[in-house]
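Q: Quick one: structure below, then a few questions.
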Amino acid sequence: MLRDLARAIDTPAPDYSDRVRRELAGHNRRPGPAIRRAPRRILHTPSRRVLIAAAVLLIAAAVAIAVPGSRRALAQWLGFAGIELRHTGQHPIPPPASPQPSALHAGAKVSLAEARAAMAGHLKLPAGLPAPAGIYLRRDRAAVVVTLAYRAAPHLRPTADTGYALILTEIARAGRPQFEKMISTGAREVAVTVAGHRGVFIQGPQEIVTLGNARPDQGQPELHQVAARASADTIIWADPAVTYRLEGDFAKSVAVKLASTVR
């Protein structure tokens with residue numbers, strides 16, 4: 001909810017200084033209540049300063065939400081490094097029927113050794129699965145994104161959208177979003193814990209959007225959409241170094257169990 005509010009507000013930061021001065025002046029003019037039996041409860045100057053400081057902090061928080069440049073920082077703080085969760089507020093539109101699965105747009109195909117080297121030793125694999133059918137590497141400045149695609153996994157069937165039974169994406173050193181997870185009306189989000197780390201399970205209509213950097217004429221980098229595709233159910237979690245995203249046709253209990261084997 002806070003993430004949606006942070007995106008929705010797009011007004012100039014209000015100036016609360018005059019209002020604060022008026023309130024403080026009015027407070028100083030009002031006679032305080034007579035205290036006869038408990039003089040030690042009189043609010044001394046240090047306590048008043050604490051209250052004023054707290055009011056200033058609340059005002060600063062309101063301004064931070066209102067300033068457009070702070071909304072993305074707030075959204076990232078509430079989300080996962082490299083993945084921005086967004087709610088579309090719309091019912092999903094089914095993609096046109098196609099005999100071919102959608103391309104992953106996950107980068108260049110690499111070997112497992114190359115993926116390990118790119119992740120500087122942080123690459124993890126699900127336990128008990130055969131070798132992935134495809135390993136892909138994508139770089140965006142300092143960010144490294146490795147995608148492991150499995151054709152088969154126990155008790156899971158390949159999805160019609162990708163042709164893979166399981167897709168594990170690992171994102172390291174992400175200073176900005178590499179993906180947007182577009183959550184449609186009817187999807188359900190549930191907080192989960194994976195190996196002691198906070199996470200979220202998303203079931204229902206959703207889309208994964210790959211983002212890239214563009215440099216317009218002004219020379220400033222900006223994010224733009226590279227590719228979008230329908231996504232199966234997803235579990236996302238993070239440890240201090242890496243954000244993980246696991247996609248498949250699974251229930252929450254199965255997703256958490258599979259995610260817990262990634263080590």
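By convention here, the chains of the structure tokens are called A, B, ... in the order presented, each chain's residues are numbered starting at 1, and ligands are numbered starting at 1 in the order presented.
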Could you list, as a PyMOL selection string, every residue within 9 Å of Leu137 in chain A, counting only C-alpha atoms and ignoring same-chain residues fewer than 6 positions away?
A: chain A and resi 106-110+114-115+118+144-147
Q: Skip range 196-202 of chain A itself and residues of its chain fewer than 5 positions away, then list as a PyMOL selection string all residues within 8 Å of it, counting only C-alpha atoms.
A: chain A and resi 187-191+233-239+252+255
